[in-house]
$ cat coords_4.txt   # compact mmCIF, C-alpha atoms (C1' of nucleotides)
# COMPACT_ATOMS: atom_id res chain seq x y z
CA MET A 33 -7.13 -27.14 -13.04
CA GLU A 34 -5.03 -29.37 -15.22
CA ARG A 35 -2.05 -27.18 -14.41
CA PHE A 36 -2.08 -28.30 -10.78
CA ILE A 37 -3.73 -31.73 -10.54
CA GLN A 38 -4.51 -34.77 -12.60
CA ILE A 39 -8.20 -34.41 -13.05
CA ASP A 40 -10.27 -37.34 -14.29
CA ALA A 41 -13.36 -37.27 -16.49
CA PRO A 42 -15.85 -38.17 -13.73
CA LEU A 43 -14.76 -35.19 -11.61
CA ILE A 44 -15.05 -32.82 -14.56
CA GLU A 45 -18.56 -34.04 -15.24
CA LEU A 46 -19.50 -33.74 -11.60
CA LEU A 47 -18.30 -30.15 -11.44
CA GLN A 48 -20.24 -29.28 -14.58
CA GLU A 49 -23.33 -30.68 -12.91
CA VAL A 50 -22.87 -29.13 -9.51
CA MET A 51 -21.65 -25.67 -10.45
CA GLU A 52 -24.27 -23.20 -11.47
CA GLU A 53 -23.73 -21.01 -14.52
CA ARG A 54 -24.69 -17.38 -13.99
CA PHE A 55 -24.83 -14.49 -16.42
CA ILE A 56 -24.06 -11.12 -14.88
CA SER A 57 -24.68 -7.77 -16.52
CA LYS A 58 -22.15 -4.97 -16.34
CA LYS A 59 -22.42 -3.06 -13.06
CA ASP A 60 -24.36 -5.85 -11.32
CA PHE A 61 -23.07 -7.37 -8.11
CA LEU A 62 -22.08 -10.91 -7.19
CA LEU A 63 -21.81 -9.73 -3.59
CA GLN A 64 -22.78 -6.57 -1.78
CA GLU A 65 -21.65 -5.12 1.50
CA GLY A 66 -23.78 -6.44 4.35
CA GLN A 67 -24.60 -9.75 2.66
CA ARG A 68 -23.12 -13.05 3.74
CA CYS A 69 -20.87 -14.43 1.03
CA LEU A 70 -21.97 -18.00 0.31
CA HIS A 71 -20.21 -18.89 -2.95
CA GLN A 72 -16.89 -19.20 -4.62
CA TYR A 73 -17.01 -17.98 -8.21
CA PHE A 74 -15.00 -19.07 -11.19
CA VAL A 75 -14.89 -16.38 -13.86
CA VAL A 76 -15.57 -17.85 -17.30
CA GLN A 77 -15.90 -14.56 -19.12
CA GLY A 78 -15.71 -10.91 -18.11
CA CYS A 79 -14.06 -8.80 -15.48
CA PHE A 80 -14.89 -8.07 -11.85
CA ARG A 81 -13.61 -5.80 -9.14
CA MET A 82 -13.72 -6.46 -5.43
CA PHE A 83 -13.82 -3.28 -3.35
CA TYR A 84 -14.93 -1.78 -0.05
CA ILE A 85 -15.78 1.67 1.24
CA ASN A 86 -12.82 2.94 3.22
CA PRO A 87 -13.01 5.21 6.30
CA LYS A 88 -12.83 8.27 4.05
CA GLY A 89 -15.89 7.07 2.17
CA MET A 90 -13.99 6.21 -1.00
CA GLU A 91 -14.17 2.95 -2.92
CA GLN A 92 -10.96 0.98 -2.32
CA ILE A 93 -10.33 -1.81 -4.81
CA ILE A 94 -8.67 -4.88 -3.34
CA THR A 95 -8.40 -7.01 -6.44
CA PHE A 96 -9.70 -7.70 -9.91
CA GLY A 97 -10.98 -11.04 -11.18
CA ILE A 98 -10.84 -12.04 -14.83
CA GLU A 99 -11.19 -15.14 -16.96
CA ASP A 100 -9.99 -18.37 -15.30
CA TRP A 101 -9.63 -16.81 -11.85
CA TRP A 102 -11.57 -17.65 -8.73
CA ILE A 103 -13.09 -14.81 -6.76
CA THR A 104 -14.81 -14.69 -3.38
CA ASP A 105 -14.66 -12.96 -0.02
CA TYR A 106 -12.96 -15.61 2.10
CA ASP A 107 -13.43 -13.63 5.31
CA SER A 108 -17.20 -13.58 4.97
CA LEU A 109 -17.33 -17.06 3.43
CA LEU A 110 -15.32 -18.87 6.09
CA ASN A 111 -16.21 -16.85 9.16
CA GLN A 112 -19.88 -16.79 8.17
CA GLN A 113 -20.35 -13.11 8.78
CA ALA A 114 -21.65 -10.13 6.84
CA SER A 115 -19.20 -9.01 4.19
CA GLU A 116 -17.63 -5.56 4.10
CA HIS A 117 -16.85 -6.09 0.44
CA ASN A 118 -18.54 -5.76 -2.91
CA ILE A 119 -17.89 -7.84 -6.02
CA GLN A 120 -19.10 -6.08 -9.13
CA ALA A 121 -18.99 -6.89 -12.83
CA LEU A 122 -17.13 -4.32 -14.93
CA GLU A 123 -18.29 -6.04 -18.13
CA ASP A 124 -21.11 -8.43 -18.97
CA ALA A 125 -19.84 -11.67 -17.50
CA VAL A 126 -20.32 -15.39 -17.02
CA VAL A 127 -19.34 -17.22 -13.84
CA LEU A 128 -19.63 -20.69 -12.43
CA SER A 129 -20.69 -20.60 -8.80
CA ILE A 130 -20.58 -23.16 -6.03
CA THR A 131 -21.58 -22.82 -2.42
CA ARG A 132 -18.99 -23.35 0.24
CA GLU A 133 -21.05 -26.21 1.65
CA LYS A 134 -21.11 -28.09 -1.61
CA LEU A 135 -17.44 -27.44 -2.15
CA GLU A 136 -16.52 -28.80 1.26
CA TYR A 137 -18.63 -31.82 0.60
CA LEU A 138 -16.77 -32.36 -2.67
CA PHE A 139 -13.47 -31.97 -0.84
CA LYS A 140 -14.41 -35.03 1.21
CA THR A 141 -15.50 -37.15 -1.71
CA HIS A 142 -12.97 -35.93 -4.27
CA ARG A 143 -9.57 -35.55 -2.84
CA ALA A 144 -8.00 -34.10 -6.00
CA LEU A 145 -10.24 -31.07 -5.66
CA GLU A 146 -8.96 -30.28 -2.21
CA THR A 147 -5.40 -30.69 -3.45
CA TYR A 148 -6.20 -28.27 -6.24
CA PHE A 149 -7.37 -25.59 -3.84
CA ARG A 150 -4.46 -26.15 -1.50
CA ILE A 151 -2.13 -25.47 -4.40
CA VAL A 152 -4.12 -22.47 -5.64
CA ASN A 153 -3.94 -20.88 -2.23
CA GLU A 154 -0.22 -21.51 -1.95
CA ARG A 155 0.22 -19.70 -5.27
CA VAL A 156 -2.00 -16.84 -4.16
CA ARG A 157 0.12 -16.42 -1.04
CA ILE A 158 3.18 -15.99 -3.23
CA ALA A 159 1.37 -13.45 -5.42
CA ASP A 160 0.10 -11.54 -2.38
CA GLN A 161 3.60 -11.36 -0.98
CA ARG A 162 4.99 -10.05 -4.26
CA ARG A 163 2.30 -7.40 -4.32
CA LEU A 164 3.20 -6.33 -0.78
CA GLN A 165 6.85 -6.04 -1.77
CA PHE A 166 5.94 -3.89 -4.77
CA MET A 167 3.99 -1.58 -2.53
CA PHE A 168 6.94 -1.29 -0.16
CA ASP A 169 9.59 -0.82 -2.83
CA LEU A 170 8.05 1.16 -5.66
CA SER A 171 6.88 4.72 -6.15
CA GLY A 172 3.47 5.41 -7.66
CA GLU A 173 4.94 5.78 -11.10
CA GLU A 174 6.93 2.56 -10.81
CA LEU A 175 3.83 0.71 -9.60
CA TYR A 176 1.97 1.88 -12.67
CA ASP A 177 4.78 0.90 -15.02
CA THR A 178 5.17 -2.51 -13.42
CA PHE A 179 1.45 -3.25 -13.53
CA TYR A 180 1.26 -2.04 -17.09
CA GLN A 181 4.11 -4.31 -18.18
CA ALA A 182 2.89 -7.33 -16.23
CA ASN A 183 -0.71 -7.09 -17.47
CA PRO A 184 -0.50 -6.02 -21.09
CA GLY A 185 -3.87 -4.96 -22.42
CA PHE A 186 -5.72 -5.16 -19.11
CA VAL A 187 -5.32 -1.44 -18.42
CA GLN A 188 -7.48 -0.78 -21.48
CA ARG A 189 -10.36 -2.81 -20.00
CA ILE A 190 -10.97 -0.68 -16.92
CA PRO A 191 -11.40 2.99 -16.04
CA GLN A 192 -8.15 4.58 -14.93
CA TYR A 193 -9.52 5.63 -11.55
CA MET A 194 -10.06 1.97 -10.68
CA LEU A 195 -6.48 1.17 -11.50
CA ALA A 196 -5.37 4.10 -9.33
CA SER A 197 -7.45 2.73 -6.46
CA TYR A 198 -6.00 -0.78 -6.85
CA LEU A 199 -2.47 0.60 -6.89
CA GLY A 200 -3.18 2.68 -3.78
CA PHE A 201 -3.26 6.29 -4.94
CA THR A 202 -5.64 8.91 -6.30
CA PRO A 203 -6.97 9.22 -9.87
CA GLU A 204 -5.53 12.74 -10.03
CA PHE A 205 -2.07 11.43 -9.33
CA LEU A 206 -2.38 8.68 -11.94
CA SER A 207 -3.44 11.29 -14.45
CA LYS A 208 -0.30 13.27 -13.68
CA ILE A 209 1.87 10.20 -14.12
CA ARG A 210 0.33 9.58 -17.52
CA SER A 211 0.55 13.16 -18.69
CA LYS A 212 4.22 13.18 -17.74
CA LYS A 213 4.77 10.05 -19.86
CA ARG A 214 3.23 11.59 -22.96
CA LYS A 215 6.29 13.79 -23.34
CA MET B 12 -3.64 -28.40 14.43
CA GLU B 13 -6.54 -29.53 16.55
CA ARG B 14 -8.20 -26.22 15.81
CA PHE B 15 -8.66 -27.13 12.15
CA ILE B 16 -8.71 -30.92 11.80
CA GLN B 17 -9.40 -34.06 13.75
CA ILE B 18 -5.93 -35.39 14.20
CA ASP B 19 -5.40 -38.98 15.30
CA ALA B 20 -2.64 -40.37 17.49
CA PRO B 21 -0.76 -42.18 14.70
CA LEU B 22 -0.39 -38.97 12.69
CA ILE B 23 0.89 -37.08 15.72
CA GLU B 24 3.49 -39.75 16.34
CA LEU B 25 4.50 -39.80 12.71
CA LEU B 26 5.02 -36.03 12.68
CA GLN B 27 7.11 -36.23 15.82
CA GLU B 28 9.28 -38.79 14.10
CA VAL B 29 9.58 -37.06 10.75
CA MET B 30 10.00 -33.47 11.82
CA GLU B 31 13.44 -32.46 12.91
CA GLU B 32 13.88 -30.35 16.03
CA ARG B 33 16.38 -27.53 15.61
CA PHE B 34 17.77 -25.07 18.13
CA ILE B 35 18.62 -21.67 16.69
CA SER B 36 20.65 -19.01 18.45
CA LYS B 37 19.65 -15.37 18.37
CA LYS B 38 20.79 -13.68 15.12
CA ASP B 39 21.29 -17.01 13.31
CA PHE B 40 19.50 -17.71 10.05
CA LEU B 41 17.02 -20.40 9.02
CA LEU B 42 17.34 -19.13 5.46
CA GLN B 43 19.66 -16.69 3.76
CA GLU B 44 19.34 -14.79 0.51
CA GLY B 45 20.67 -16.85 -2.37
CA GLN B 46 19.90 -20.22 -0.79
CA ARG B 47 17.11 -22.47 -1.98
CA CYS B 48 14.45 -22.76 0.71
CA LEU B 49 13.81 -26.47 1.30
CA HIS B 50 11.83 -26.56 4.54
CA GLN B 51 8.69 -25.39 6.20
CA TYR B 52 9.32 -24.47 9.84
CA PHE B 53 7.00 -24.62 12.79
CA VAL B 54 8.07 -22.23 15.54
CA VAL B 55 7.99 -23.95 18.94
CA GLN B 56 9.76 -21.22 20.87
CA GLY B 57 11.22 -17.85 19.97
CA CYS B 58 10.72 -15.13 17.41
CA PHE B 59 11.83 -14.76 13.81
CA ARG B 60 11.76 -12.08 11.17
CA MET B 61 11.58 -12.62 7.44
CA PHE B 62 13.14 -9.79 5.45
CA TYR B 63 14.83 -8.86 2.20
CA ILE B 64 17.14 -6.14 1.00
CA ASN B 65 15.09 -3.62 -0.96
CA PRO B 66 16.32 -1.59 -3.96
CA LYS B 67 17.53 1.17 -1.64
CA GLY B 68 19.70 -1.34 0.20
CA MET B 69 17.58 -1.32 3.38
CA GLU B 70 16.25 -4.37 5.20
CA GLN B 71 12.52 -4.66 4.56
CA ILE B 72 10.66 -6.94 6.97
CA ILE B 73 7.80 -8.89 5.41
CA THR B 74 6.59 -10.75 8.44
CA PHE B 75 7.41 -12.04 11.89
CA GLY B 76 7.03 -15.63 13.05
CA ILE B 77 6.39 -16.56 16.65
CA GLU B 78 5.29 -19.56 18.70
CA ASP B 79 2.79 -21.87 16.95
CA TRP B 80 3.21 -20.22 13.53
CA TRP B 81 4.60 -21.75 10.38
CA ILE B 82 7.26 -19.83 8.52
CA THR B 83 8.88 -20.40 5.13
CA ASP B 84 9.54 -18.71 1.80
CA TYR B 85 6.85 -20.25 -0.39
CA ASP B 86 8.19 -18.61 -3.53
CA SER B 87 11.57 -20.26 -3.21
CA LEU B 88 10.12 -23.47 -1.78
CA LEU B 89 7.53 -24.11 -4.48
CA ASN B 90 9.28 -22.62 -7.50
CA GLN B 91 12.56 -24.24 -6.51
CA GLN B 92 14.64 -21.16 -7.01
CA ALA B 93 17.13 -19.14 -4.97
CA SER B 94 15.42 -17.10 -2.27
CA GLU B 95 15.58 -13.32 -2.07
CA HIS B 96 14.59 -13.53 1.56
CA ASN B 97 16.22 -14.10 4.92
CA ILE B 98 14.67 -15.75 7.96
CA GLN B 99 16.52 -14.79 11.11
CA ALA B 100 16.00 -15.56 14.80
CA LEU B 101 15.48 -12.49 16.99
CA GLU B 102 15.71 -14.64 20.12
CA ASP B 103 17.14 -18.06 20.89
CA ALA B 104 14.57 -20.34 19.32
CA VAL B 105 13.34 -23.87 18.72
CA VAL B 106 11.69 -24.98 15.49
CA LEU B 107 10.40 -28.19 13.97
CA SER B 108 11.43 -28.48 10.34
CA ILE B 109 10.20 -30.62 7.49
CA THR B 110 11.30 -30.67 3.88
CA ARG B 111 8.77 -29.91 1.21
CA GLU B 112 9.36 -33.34 -0.30
CA LYS B 113 8.54 -35.15 2.90
CA LEU B 114 5.53 -32.96 3.47
CA GLU B 115 4.14 -33.65 0.02
CA TYR B 116 4.68 -37.33 0.58
CA LEU B 117 2.74 -37.07 3.83
CA PHE B 118 -0.02 -35.19 2.04
CA LYS B 119 -0.52 -38.27 -0.11
CA THR B 120 -0.52 -40.75 2.73
CA HIS B 121 -2.28 -38.61 5.34
CA ARG B 122 -5.14 -36.71 3.93
CA ALA B 123 -5.90 -34.82 7.16
CA LEU B 124 -2.56 -33.09 6.90
CA GLU B 125 -3.32 -31.70 3.48
CA THR B 126 -6.70 -30.52 4.72
CA TYR B 127 -4.93 -28.79 7.60
CA PHE B 128 -2.65 -26.85 5.27
CA ARG B 129 -5.49 -26.00 2.93
CA ILE B 130 -7.29 -24.42 5.86
CA VAL B 131 -4.18 -22.66 7.19
CA ASN B 132 -3.61 -21.06 3.81
CA GLU B 133 -7.22 -19.94 3.55
CA ARG B 134 -6.80 -18.23 6.94
CA VAL B 135 -3.54 -16.63 5.91
CA ARG B 136 -5.23 -15.20 2.82
CA ILE B 137 -7.78 -13.51 5.05
CA ALA B 138 -5.04 -12.13 7.29
CA ASP B 139 -3.03 -10.90 4.30
CA GLN B 140 -6.06 -9.13 2.94
CA ARG B 141 -6.72 -7.41 6.25
CA ARG B 142 -3.13 -6.25 6.37
CA LEU B 143 -3.42 -4.81 2.87
CA GLN B 144 -6.55 -2.93 3.90
CA PHE B 145 -4.79 -1.50 6.93
CA MET B 146 -1.99 -0.27 4.72
CA PHE B 147 -4.48 1.39 2.39
CA ASP B 148 -6.64 2.95 5.08
CA LEU B 149 -4.38 3.95 7.94
CA SER B 150 -1.73 6.60 8.48
CA GLY B 151 1.61 5.65 10.00
CA GLU B 152 0.43 6.58 13.45
CA GLU B 153 -2.80 4.61 13.10
CA LEU B 154 -0.87 1.58 11.83
CA TYR B 155 1.28 1.71 14.93
CA ASP B 156 -1.70 2.05 17.27
CA THR B 157 -3.56 -0.78 15.59
CA PHE B 158 -0.60 -3.12 15.67
CA TYR B 159 0.09 -2.21 19.26
CA GLN B 160 -3.50 -2.99 20.29
CA ALA B 161 -3.75 -6.18 18.24
CA ASN B 162 -0.44 -7.63 19.48
CA PRO B 163 -0.18 -6.68 23.12
CA GLY B 164 3.28 -7.29 24.48
CA PHE B 165 4.87 -8.21 21.17
CA VAL B 166 6.20 -4.70 20.59
CA GLN B 167 8.39 -5.17 23.65
CA ARG B 168 10.05 -8.25 22.11
CA ILE B 169 11.60 -6.54 19.10
CA PRO B 170 13.67 -3.44 18.33
CA GLN B 171 11.50 -0.51 17.29
CA TYR B 172 13.22 -0.11 13.96
CA MET B 173 12.06 -3.58 12.95
CA LEU B 174 8.49 -2.71 13.75
CA ALA B 175 8.85 0.45 11.67
CA SER B 176 10.11 -1.63 8.74
CA TYR B 177 7.25 -4.12 9.05
CA LEU B 178 4.71 -1.29 9.12
CA GLY B 179 6.31 0.31 6.08
CA PHE B 180 8.00 3.45 7.33
CA THR B 181 11.29 4.68 8.79
CA PRO B 182 12.58 4.27 12.35
CA GLU B 183 12.89 8.05 12.60
CA PHE B 184 9.22 8.48 11.87
CA LEU B 185 8.22 5.82 14.41
CA SER B 186 10.32 7.61 16.99
CA LYS B 187 8.41 10.80 16.28
CA ILE B 188 5.09 9.03 16.65
CA ARG B 189 6.15 7.70 20.03
CA SER B 190 7.57 10.97 21.28
CA LYS B 191 4.30 12.67 20.33
CA LYS B 192 2.38 10.07 22.37
CA ARG B 193 4.38 10.70 25.51
CA LYS B 194 2.65 14.03 25.89
C1' DC C 277 34.85 0.49 30.21
C1' DG C 278 34.70 1.05 24.99
C1' DG C 279 32.33 0.13 20.97
C1' DT C 280 28.37 -1.14 18.45
C1' DC C 281 23.60 -1.15 18.17
C1' DT C 282 19.45 1.44 18.96
C1' DC C 283 16.64 5.45 19.64
C1' DT C 284 15.85 10.49 19.46
C1' DT C 285 15.60 15.21 17.53
C1' DG C 286 15.51 18.86 14.06
C1' DA C 287 15.83 21.12 9.47
C1' DC C 288 14.70 20.49 4.94
C1' DG C 289 12.77 18.30 0.76
C1' DG C 290 9.66 15.66 -2.11
C1' DA C 291 6.04 12.33 -3.34
C1' DG C 292 1.45 12.18 -3.23
C1' DT C 293 -3.27 14.34 -1.52
C1' DT C 294 -7.00 17.57 -1.51
C1' DC C 295 -10.02 20.67 -3.54
C1' DA C 296 -11.95 22.98 -7.29
C1' DA C 297 -12.85 23.76 -12.00
C1' DA C 298 -12.94 22.64 -16.66
C1' DG C 299 -12.69 19.46 -20.64
C1' DC C 300 -13.64 15.23 -22.62
C1' DT C 301 -16.28 10.74 -23.77
C1' DA C 302 -19.77 7.58 -24.07
C1' DG C 303 -24.15 5.96 -23.15
C1' DT C 304 -29.16 7.05 -23.31
C1' DG C 305 -33.50 8.72 -24.46
C1' DG C 306 -36.23 11.52 -27.34
C1' DC D 105 -29.19 10.44 -35.10
C1' DC D 106 -28.61 14.17 -32.43
C1' DA D 107 -28.50 16.30 -27.82
C1' DC D 108 -27.87 15.84 -23.24
C1' DT D 109 -26.16 14.17 -19.19
C1' DA D 110 -23.47 11.42 -16.21
C1' DG D 111 -19.19 9.49 -15.77
C1' DC D 112 -14.40 9.91 -16.42
C1' DT D 113 -9.98 12.45 -17.02
C1' DT D 114 -7.07 16.43 -16.80
C1' DT D 115 -4.82 20.51 -14.68
C1' DG D 116 -3.11 23.57 -11.14
C1' DA D 117 -2.28 25.51 -6.47
C1' DA D 118 -1.86 24.75 -1.73
C1' DC D 119 -0.95 21.55 1.64
C1' DT D 120 0.57 17.19 4.50
C1' DC D 121 2.72 13.30 5.69
C1' DC D 122 6.67 11.12 5.80
C1' DG D 123 11.63 10.47 4.08
C1' DT D 124 16.47 11.96 4.18
C1' DC D 125 20.46 13.45 6.32
C1' DA D 126 23.13 14.53 10.14
C1' DA D 127 24.29 14.72 14.85
C1' DG D 128 23.93 13.27 19.36
C1' DA D 129 22.33 10.50 23.39
C1' DG D 130 21.44 6.16 25.58
C1' DA D 131 21.78 1.29 26.22
C1' DC D 132 23.58 -3.09 25.97
C1' DC D 133 27.33 -6.59 25.59
C1' DG D 134 31.81 -8.42 25.50

$ encode --input "coords_4.txt" --output "structure tokens"
Amino acid sequence: MERFIQIDAPLIELLQEVMEERFISKKDFLLQEGQRCLHQYFVVQGCFRMFYINPKGMEQIITFGIEDWWITDYDSLLNQQASEHNIQALEDAVVLSITREKLEYLFKTHRALETYFRIVNERVRIADQRRLQFMFDLSGEELYDTFYQANPGFVQRIPQYMLASYLGFTPEFLSKIRSKKRK
Amino acid sequence: MERFIQIDAPLIELLQEVMEERFISKKDFLLQEGQRCLHQYFVVQGCFRMFYINPKGMEQIITFGIEDWWITDYDSLLNQQASEHNIQALEDAVVLSITREKLEYLFKTHRALETYFRIVNERVRIADQRRLQFMFDLSGEELYDTFYQANPGFVQRIPQYMLASYLGFTPEFLSKIRSKKRK
DNA sequence: CGGTCTCTTGACGGAGTTCAAAGCTAGTGG
DNA sequence: CCACTAGCTTTGAACTCCGTCAAGAGACCG
């Protein structure tokens, strides 16, 4: 938070009080399809994936969430409807959670917090746009290379088929990319 | 704005004073590659496209902007660097423009305005995510159908090859989709 | 009218998918 | 601590969607 706003001690203490610490075991869910999403989660430790079941019945990964990132399903959260998404821990994890109601209340009383989230969402828009451009411009192999370079080490943390899903192709194809590289 | 915040008369008047009205002729640019983007634009009348030149040398359209939408290049605006994008009018148009500096000043003095943009960006994140899901799930033909249904009339306002670019395929392929439908 | 911009059509090629089978790895219980 | 199983990765052959290239036909604007 200090990257984006000047945060004072009282606000830090308040957040520590209000946000609930949760320990999640590998493979457990923060959110499952059909539930209403009520919280925003800050990942303290661990790794999550957010995915849905696409029309072909396959799991499609939208995004990952790791340490120091926020994760939630905004569509379900803001429009107060059942989620089509799942958020699942890929490792044992620790998150801080806060309900949308509490957060909006804090926005009113603590202006800096709202500024913080305004800025975060501006940054996410930039990142989302870059990702879209990558998907337009790059071949499967180039997508893999680019992701690999940009996120050193992360590829080791997750099964390859999840990376394939995130990048928008099949595990078989990713396997062929990798086997080609071995030569 | 009234959709998202309670806006009072003084703020409305202030915005009318501070924001500059600009008339843009068809084919003229609000932003060109290489320039620093300094403004956020609110489209009063007309239609814009935001595009860049991809590695193959083709124009790739990222998004359109029409009446009552904001348009800008956040990456250039916030990171204060030369833009890789172009924003061009597809029709004679009217916009209200405001520099980022002025807007951030207004955020400080007029809280409701910052709340408004926080909410707008949350909504845009939802829309961006839906678009990503469409691109994962749908074939070219389905993308066209879905866009056509969701934006009745808009397809008539723009050349077909721009729609093809936005949807992520070639004008030739779009032409084949349409010729198939005629039967 | 004349040229530029836009759309269409067809033949061919290639990136990525699908399906099926087999090999590998890691977690789990006995 | 081993054996077994479920989960993950690899490989190959056939196939599909969509891109590329090239040529022509409209359509719009000065």

$ residues_around --input "coords_4.txt" --residues "stretch 155-170 of chain A" --least-positions-apart "4" --cutoff "7 Å" --atoms "all atoms listed in the file" --output "PyMOL selection string"
(chain A and resi 151+174-175) or (chain B and resi 65-66+85-86+136+179)

$ write_last_selection --input "coords_4.txt" --atoms "C-alpha atoms" --output "short mmCIF file (atom, residue, chain, number, x, y, z; two decimals), in the coordinates of the input"
data_model
loop_
_atom_site.label_atom_id
_atom_site.label_comp_id
_atom_site.auth_asym_id
_atom_site.auth_seq_id
_atom_site.Cartn_x
_atom_site.Cartn_y
_atom_site.Cartn_z
CA ILE A 151 -2.13 -25.47 -4.40
CA GLU A 174 6.93 2.56 -10.81
CA LEU A 175 3.83 0.71 -9.60
CA ASN B 65 15.09 -3.62 -0.96
CA PRO B 66 16.32 -1.59 -3.96
CA TYR B 85 6.85 -20.25 -0.39
CA ASP B 86 8.19 -18.61 -3.53
CA ARG B 136 -5.23 -15.20 2.82
CA GLY B 179 6.31 0.31 6.08
#

$ closest_atom_pairs --input "coords_4.txt" --of "stretch 137-156 of chain B" --to "stretch 106-130 of chain D" --cutoff "12 Å" --atoms "only C-alpha atoms (C1' of nucleotides)" --output "tab-separated table"
residue	atom	partner	partner_atom	distance
B:Leu149	CA	D:DC121	C1'	12.0
B:Ser150	CA	D:DC121	C1'	8.5
B:Gly151	CA	D:DC122	C1'	8.6
B:Glu152	CA	D:DC121	C1'	10.5

$ closest_atom_pairs --input "coords_4.txt" --of "chain C" --to "chain B" --cutoff "9 Å" --atoms "only C-alpha atoms (C1' of nucleotides)" --output "tab-separated table"
residue	atom	partner	partner_atom	distance
C:DT282	C1'	B:Pro170	CA	7.6
C:DC283	C1'	B:Ser186	CA	7.2
C:DT284	C1'	B:Ser186	CA	6.7
C:DT285	C1'	B:Lys187	CA	8.5

$ write_last_selection --input "coords_4.txt" --atoms "C-alpha atoms (C1' of nucleotides)" --output "compact mmCIF listing (two decimals), in the frame of the given file"
# COMPACT_ATOMS: atom_id res chain seq x y z
C1' DT C 282 19.45 1.44 18.96
C1' DC C 283 16.64 5.45 19.64
C1' DT C 284 15.85 10.49 19.46
C1' DT C 285 15.60 15.21 17.53

$ closest_residue --input "coords_4.txt" --among "A:Glu116, A:Asp177, A:Glu133, A:Asp100" --to "chain B" --atoms "all atoms listed in the file"
A:Glu116

$ atom_distance --input "coords_4.txt" --atom1 "atom CA of A:Phe96" --atom2 "atom CA of A:Ser129"
17.0 Å

$ atom_distance --input "coords_4.txt" --atom1 "atom CA of A:Ala41" --atom2 "atom CA of A:Tyr137"
18.7 Å
